[in-house]
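Undergrad: Coordinates in entry-v7.tsv, TSV, C-alpha atoms, are listed below.
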chain	number	residue	atom	x	y	z
R	1	GLU	CA	-2.54	16.96	-20.04
R	2	VAL	CA	-3.30	16.72	-16.34
R	3	LYS	CA	-0.75	18.60	-14.26
R	4	LEU	CA	-0.58	18.93	-10.49
R	5	LEU	CA	2.17	20.95	-8.84
R	6	GLU	CA	2.55	21.03	-5.07
R	7	SER	CA	4.36	23.77	-3.20
R	8	GLY	CA	4.80	25.12	0.31
R	9	GLY	CA	6.80	22.34	1.89
R	10	GLY	CA	9.89	22.73	4.02
R	11	LEU	CA	11.28	22.49	7.52
R	12	VAL	CA	8.98	23.39	10.41
R	13	GLN	CA	9.36	23.05	14.16
R	14	PRO	CA	7.14	20.72	16.19
R	15	GLY	CA	3.90	22.48	17.04
R	16	GLY	CA	4.17	24.71	14.00
R	17	SER	CA	1.90	25.15	10.99
R	18	LEU	CA	2.31	24.91	7.26
R	19	ARG	CA	0.01	25.34	4.28
R	20	LEU	CA	0.58	23.29	1.16
R	21	SER	CA	-0.78	24.28	-2.23
R	22	CYS	CA	-1.45	22.21	-5.32
R	23	ALA	CA	-1.91	24.03	-8.62
R	24	ALA	CA	-4.04	22.03	-11.04
R	25	SER	CA	-4.34	22.31	-14.80
R	26	GLY	CA	-5.39	20.28	-17.81
R	27	PHE	CA	-8.86	19.33	-16.56
R	28	THR	CA	-12.06	20.91	-15.30
R	29	PHE	CA	-11.12	21.37	-11.67
R	30	THR	CA	-14.63	21.71	-10.29
R	31	ASP	CA	-15.70	18.36	-11.79
R	32	PHE	CA	-13.26	16.35	-9.72
R	33	TYR	CA	-12.74	15.26	-6.15
R	34	MET	CA	-9.22	16.06	-4.94
R	35	SER	CA	-7.19	14.11	-2.41
R	36	TRP	CA	-4.13	14.56	-0.22
R	37	ILE	CA	-1.87	11.57	0.41
R	38	ARG	CA	1.46	11.47	2.23
R	39	GLN	CA	4.35	9.04	2.24
R	40	PRO	CA	7.06	8.93	4.89
R	41	PRO	CA	10.44	8.16	3.29
R	42	GLY	CA	10.75	4.44	2.62
R	43	LYS	CA	7.22	3.66	3.78
R	44	ALA	CA	3.78	3.11	2.27
R	45	PRO	CA	1.51	6.01	1.40
R	46	GLU	CA	-1.18	7.18	3.82
R	47	TRP	CA	-4.46	8.66	2.62
R	48	LEU	CA	-5.16	11.93	4.45
R	49	GLY	CA	-8.44	13.16	3.08
R	50	VAL	CA	-10.58	14.23	0.17
R	51	ILE	CA	-12.62	17.23	-0.90
R	52	ARG	CA	-15.55	16.52	-3.16
R	53	ASN	CA	-16.49	18.28	-6.38
R	54	LYS	CA	-18.97	21.06	-7.10
R	55	ALA	CA	-21.83	18.64	-7.66
R	56	ASN	CA	-21.27	17.27	-4.16
R	57	GLY	CA	-20.88	20.58	-2.41
R	58	TYR	CA	-17.10	20.58	-1.90
R	59	THR	CA	-17.54	18.64	1.33
R	60	THR	CA	-14.59	16.92	3.00
R	61	GLU	CA	-13.60	13.65	4.63
R	62	TYR	CA	-10.47	13.05	6.71
R	63	ASN	CA	-8.38	10.26	8.06
R	64	PRO	CA	-8.87	10.23	11.86
R	65	SER	CA	-5.07	10.32	12.16
R	66	VAL	CA	-5.12	13.97	11.06
R	67	LYS	CA	-8.70	15.07	11.63
R	68	GLY	CA	-8.84	18.27	13.67
R	69	ARG	CA	-5.26	19.23	12.78
R	70	PHE	CA	-5.39	19.21	8.97
R	71	THR	CA	-7.90	21.05	6.76
R	72	ILE	CA	-8.43	20.56	3.06
R	73	SER	CA	-9.85	23.41	0.99
R	74	ARG	CA	-9.93	24.51	-2.61
R	75	ASP	CA	-9.98	27.75	-4.61
R	76	ASN	CA	-12.12	26.92	-7.59
R	77	THR	CA	-11.46	30.24	-9.32
R	78	GLN	CA	-7.70	29.66	-9.40
R	79	ASN	CA	-7.76	25.84	-9.54
R	80	ILE	CA	-5.71	25.43	-6.38
R	81	LEU	CA	-6.05	22.78	-3.70
R	82	TYR	CA	-4.82	23.48	-0.19
R	83	LEU	CA	-3.78	21.49	2.86
R	84	GLN	CA	-3.55	23.50	6.07
R	85	MET	CA	-1.52	21.60	8.65
R	86	ASN	CA	-1.48	22.69	12.29
R	87	THR	CA	0.17	21.39	15.47
R	88	LEU	CA	2.71	19.48	13.43
R	89	ARG	CA	4.54	16.52	14.92
R	90	ALA	CA	7.70	14.67	13.98
R	91	GLU	CA	5.59	11.81	12.63
R	92	ASP	CA	4.06	14.17	10.07
R	93	THR	CA	7.42	14.20	8.26
R	94	ALA	CA	6.71	12.88	4.77
R	95	ILE	CA	6.36	13.63	1.10
R	96	TYR	CA	2.91	15.13	0.57
R	97	TYR	CA	1.07	14.48	-2.68
R	98	CYS	CA	-2.10	15.94	-4.09
R	99	ALA	CA	-4.08	13.74	-6.43
R	100	ARG	CA	-6.98	14.24	-8.74
R	101	SER	CA	-9.67	11.73	-7.87
R	102	ARG	CA	-12.49	10.14	-9.79
R	103	TYR	CA	-14.85	10.09	-6.84
R	104	TYR	CA	-12.62	8.48	-4.20
R	105	SER	CA	-10.14	6.87	-6.58
R	106	PRO	CA	-6.93	8.89	-6.98
R	107	ASP	CA	-5.76	8.78	-10.57
R	108	TYR	CA	-3.20	11.49	-11.35
R	109	TRP	CA	-0.71	12.53	-8.64
R	110	GLY	CA	1.57	15.52	-8.35
R	111	GLN	CA	5.31	15.12	-7.95
R	112	GLY	CA	5.07	15.69	-4.20
R	113	VAL	CA	6.55	18.13	-1.72
R	114	MET	CA	8.68	17.31	1.31
R	115	VAL	CA	7.62	18.37	4.78
R	116	THR	CA	10.10	17.89	7.61
R	117	VAL	CA	9.04	18.48	11.21
R	118	SER	CA	12.08	18.86	13.41
R	119	SER	CA	13.61	21.19	15.96
J	120	ASP	CA	-9.41	0.63	9.79
J	121	ILE	CA	-9.20	-1.93	7.01
J	122	GLN	CA	-5.76	-3.53	6.87
J	123	MET	CA	-4.36	-4.26	3.43
J	124	THR	CA	-1.79	-7.06	3.40
J	125	GLN	CA	0.38	-7.45	0.33
J	126	SER	CA	2.40	-10.52	-0.52
J	127	PRO	CA	5.11	-11.20	-1.15
J	128	SER	CA	6.92	-8.15	0.20
J	129	VAL	CA	9.75	-8.76	-2.28
J	130	LEU	CA	9.50	-10.66	-5.53
J	131	SER	CA	12.52	-11.53	-7.67
J	132	ALA	CA	11.76	-12.20	-11.31
J	133	SER	CA	13.25	-12.03	-14.79
J	134	VAL	CA	12.32	-10.15	-17.92
J	135	GLY	CA	9.61	-12.09	-19.72
J	136	ASP	CA	8.26	-13.77	-16.58
J	137	ARG	CA	4.59	-13.81	-15.68
J	138	VAL	CA	4.16	-12.57	-12.10
J	139	THR	CA	1.28	-12.27	-9.70
J	140	LEU	CA	1.13	-9.86	-6.78
J	141	ASN	CA	-1.40	-10.35	-4.01
J	142	CYS	CA	-3.42	-8.00	-1.82
J	143	LYS	CA	-5.74	-9.15	0.96
J	144	ALA	CA	-8.17	-6.87	2.78
J	145	SER	CA	-9.15	-7.44	6.41
J	146	GLN	CA	-12.80	-6.82	5.48
J	147	ASN	CA	-14.94	-6.90	2.37
J	148	ILE	CA	-14.06	-3.94	0.12
J	149	ASN	CA	-16.30	-4.97	-2.77
J	150	LYS	CA	-14.58	-3.92	-6.00
J	151	TYR	CA	-12.93	-0.74	-4.70
J	152	LEU	CA	-9.30	-1.72	-5.03
J	153	ASN	CA	-6.62	0.13	-6.99
J	154	TRP	CA	-3.06	-0.82	-7.91
J	155	TYR	CA	-0.26	1.74	-8.16
J	156	GLN	CA	3.31	1.45	-9.43
J	157	GLN	CA	6.02	3.57	-7.83
J	158	LYS	CA	9.56	3.98	-9.06
J	159	LEU	CA	12.31	5.46	-6.89
J	160	GLY	CA	11.94	9.21	-6.52
J	161	GLU	CA	8.63	9.34	-8.39
J	162	ALA	CA	4.99	9.65	-7.43
J	163	PRO	CA	2.82	6.54	-7.58
J	164	LYS	CA	1.16	5.90	-10.94
J	165	LEU	CA	-2.30	4.37	-11.23
J	166	LEU	CA	-2.32	1.07	-13.11
J	167	ILE	CA	-5.66	-0.55	-12.27
J	168	TYR	CA	-8.78	0.93	-10.66
J	169	ASN	CA	-11.82	-0.79	-9.20
J	170	THR	CA	-10.18	-4.22	-9.30
J	171	ASN	CA	-9.89	-4.83	-13.02
J	172	ASN	CA	-10.08	-1.58	-15.00
J	173	LEU	CA	-6.92	-0.63	-16.86
J	174	GLN	CA	-6.03	3.04	-16.50
J	175	THR	CA	-5.63	4.95	-19.77
J	176	GLY	CA	-2.15	4.58	-21.22
J	177	ILE	CA	-1.18	1.52	-19.18
J	178	PRO	CA	0.03	-1.47	-21.20
J	179	SER	CA	-2.28	-4.43	-21.51
J	180	ARG	CA	0.28	-6.77	-19.90
J	181	PHE	CA	-1.08	-5.43	-16.59
J	182	SER	CA	-4.34	-6.90	-15.36
J	183	GLY	CA	-6.24	-7.09	-12.11
J	184	SER	CA	-8.74	-9.50	-10.61
J	185	GLY	CA	-10.47	-10.42	-7.39
J	186	SER	CA	-13.42	-9.43	-5.25
J	187	GLY	CA	-14.39	-9.01	-1.64
J	188	THR	CA	-11.14	-9.47	0.25
J	189	ASP	CA	-8.68	-11.08	-2.16
J	190	PHE	CA	-7.16	-9.33	-5.14
J	191	THR	CA	-4.32	-9.89	-7.58
J	192	LEU	CA	-2.26	-7.86	-10.01
J	193	THR	CA	-0.78	-9.87	-12.86
J	194	ILE	CA	1.97	-8.77	-15.22
J	195	SER	CA	1.88	-11.16	-18.15
J	196	SER	CA	5.42	-10.63	-19.45
J	197	LEU	CA	7.77	-8.51	-17.36
J	198	GLN	CA	9.55	-5.69	-19.09
J	199	PRO	CA	12.66	-3.91	-17.75
J	200	GLU	CA	10.63	-0.82	-16.87
J	201	ASP	CA	8.27	-2.85	-14.64
J	202	PHE	CA	10.79	-3.32	-11.84
J	203	ALA	CA	9.36	-1.07	-9.16
J	204	THR	CA	7.26	-1.15	-5.99
J	205	TYR	CA	3.54	-1.85	-6.25
J	206	PHE	CA	0.90	-0.71	-3.76
J	207	CYS	CA	-2.74	-1.68	-3.44
J	208	PHE	CA	-5.27	0.82	-2.12
J	209	GLN	CA	-8.85	0.36	-0.91
J	210	HIS	CA	-11.39	3.15	-1.29
J	211	ASN	CA	-14.43	1.34	0.00
J	212	SER	CA	-14.39	2.24	3.70
J	213	TRP	CA	-13.11	5.20	5.71
J	214	PRO	CA	-10.32	5.78	6.23
J	215	PHE	CA	-9.01	4.58	2.89
J	216	THR	CA	-5.82	2.55	3.26
J	217	PHE	CA	-2.80	1.38	1.31
J	218	GLY	CA	-0.97	-1.90	1.49
J	219	SER	CA	2.67	-1.96	2.54
J	220	GLY	CA	3.86	-2.73	-0.97
J	221	THR	CA	5.54	-5.42	-3.04
J	222	LYS	CA	8.99	-4.63	-4.36
J	223	LEU	CA	9.53	-6.30	-7.72
J	224	GLU	CA	13.23	-6.76	-8.34
J	225	ILE	CA	15.37	-8.25	-11.04
J	226	LYS	CA	16.50	-11.81	-10.42
Represent the structure from my file as structure tokens, please.
TA:
Amino acid sequence: EVKLLESGGGLVQPGGSLRLSCAASGFTFTDFYMSWIRQPPGKAPEWLGVIRNKANGYTTEYNPSVKGRFTISRDNTQNILYLQMNTLRAEDTAIYYCARSRYYSPDYWGQGVMVTVSS
Amino acid sequence: DIQMTQSPSVLSASVGDRVTLNCKASQNINKYLNWYQQKLGEAPKLLIYNTNNLQTGIPSRFSGSGSGTDFTLTISSLQPEDFATYFCFQHNSWPFTFGSGTKLEIK
């Protein structure tokens, strides 16, 4: 059974940083692309970026809306996906989801973690 | 960015109805269109990938069609558990984008 469990969310001040983690199990982690997607409360989801699999060199792509502030990485020995978020703004307030992806198509999503950016 | 426009934004229907949800892309996205179902307080769940492929474990009353810029999700006979919000998502061109959703509510 595919399981994805995000952690690391919380309240952070504007300009601050936060690192989210996503612990994956139930599949061969290195075979899959992994994505981060966020959803402000009551709004549509927004795709943030993807990190490719081992066969494609673990390279990354980002939404320009977060490129340069957010960094996606993965620990393939512990099956953990990360999202490092810097220079956070109020508009970054959202539920953040990790998702396993078949190439660029997210299939299984975690339950999400809330990030609130406020002073 | 490719804009994904979903219609209607709200759809009222009854159990047993056949319903069609629409998603229009601002540019050609080939076949790279997914449909997700989201219930309140839950993560989105993949229903259909690449226009017309049913995700494992999803009932066959869900089907998808379309190509290029116009896509549809059809539910052949609504069940009580189908009342939720549905999002389309294109993964053809960067940055990938979601539609604003169709809320399917009980009439």
Undergrad: If you count all atoms listed in the file, which residues fall within 6 Å of stretch 18-33 of chain R, apart from same-chain ones fewer than 5 positions away, as an MDAnalysis selection string?
TA: chainID R and resid 1:8 51:54 79:85 101 103
Undergrad: Pick the closest to chain J from R:Ser105, R:Ser118, R:Gln13, R:Asn76: which is it, counting all atoms listed in the file?
TA: R:Ser105
Undergrad: Restricting the calculation to only C-alpha atoms: of J:Val129, J:Leu192, J:Ala203, J:Met123, which residue gets closest to J:Gln146?
TA: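 Comparing J:Val129, J:Leu192, J:Ala203, J:Met123 against J:Gln146, the winner is J:Met123.
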Undergrad: Please provide the set of residues having any atom within 7 Å of J:Ser219, restricted to all atoms listed in the file, with same-chain residues fewer than 2 positions apart removed, written as a PyMOL selection string.
TA: (chain R and resi 44) or (chain J and resi 124-125+206+217)
Undergrad: By how many Å are atom CA of J:Lys150 and atom CA of J:Asn171 apart?
TA: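 Separation of atom CA of J:Lys150 and atom CA of J:Asn171: 8.5 Å.
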Undergrad: Quick one: which residues from chain R are at most 6 Å off chain J, using all atoms listed in the file, as a list of chain:residue names?
TA: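 Only these qualify: R:Ala44, R:Asn63, R:Asp107, R:Gln111.
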Undergrad: Tell me which protein, DNA and RNA residues are within 7 Å of J:Phe181, counting only C-alpha atoms, leaving out same-chain ones fewer than 5 positions away, and put them as a PyMOL selection string.
TA: chain J and resi 193-195
Undergrad: Take the selection from the previous step and output its residues with C-alpha atoms, as an mmCIF file, keeping the file's coordinate frame.
TA:
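Heads up, here's the output in part_5.cif:
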data_model
loop_
_atom_site.group_PDB
_atom_site.id
_atom_site.type_symbol
_atom_site.label_atom_id
_atom_site.label_comp_id
_atom_site.auth_asym_id
_atom_site.auth_seq_id
_atom_site.Cartn_x
_atom_site.Cartn_y
_atom_site.Cartn_z
ATOM 1 C CA THR J 193 -0.780 -9.870 -12.860
ATOM 2 C CA ILE J 194 1.970 -8.770 -15.220
ATOM 3 C CA SER J 195 1.880 -11.160 -18.150
#
Undergrad: What is the atom CA of J:Cys142 to atom CA of R:Asp92 distance in Å?
TA: 26.2 Å
Undergrad: I'd like to know which of J:Ser184, J:Asn149, J:Thr221, J:Gln198 is closest to J:Arg137, using all atoms listed in the file.
TA: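 Under the stated criterion, the closest residue is J:Gln198.
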Undergrad: Specify the axis-aligned box that encloses all atoms of stretch 209-218 of chain J listed in the file after padding of 6 Å on each side, stating its centre and edge lengths in Å to one decimal as AutoDock Vina command-line options.
TA:
--center_x -7.7 --center_y 1.9 --center_z 2.5 --size_x 25.5 --size_y 19.7 --size_z 19.5
Undergrad: Could you tell me how far atom CA of R:Pro14 lies from atom CA of R:Thr59, in Å and to one decimal?
TA: 28.9 Å
Undergrad: Just checking: using all atoms listed in the file, which residue out of R:Gly68, R:Gly10, R:Gly57, R:Pro45 ends up closest to R:Thr116?
TA: R:Gly10
Undergrad: Which residue gives the smallest distance to R:Arg74 among R:Met34, R:Val117, R:Leu88, R:Ala55, with all atoms listed in the file counted?
TA: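 Smallest distance to R:Arg74 is found for R:Met34.
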Undergrad: When distances are computed from all atoms listed in the file, which of J:Ile225, J:Ser126, J:Leu173, J:Gln156 shows the smallest separation from J:Asp189?
TA: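 That would be J:Ser126, the residue with the smallest distance to J:Asp189.
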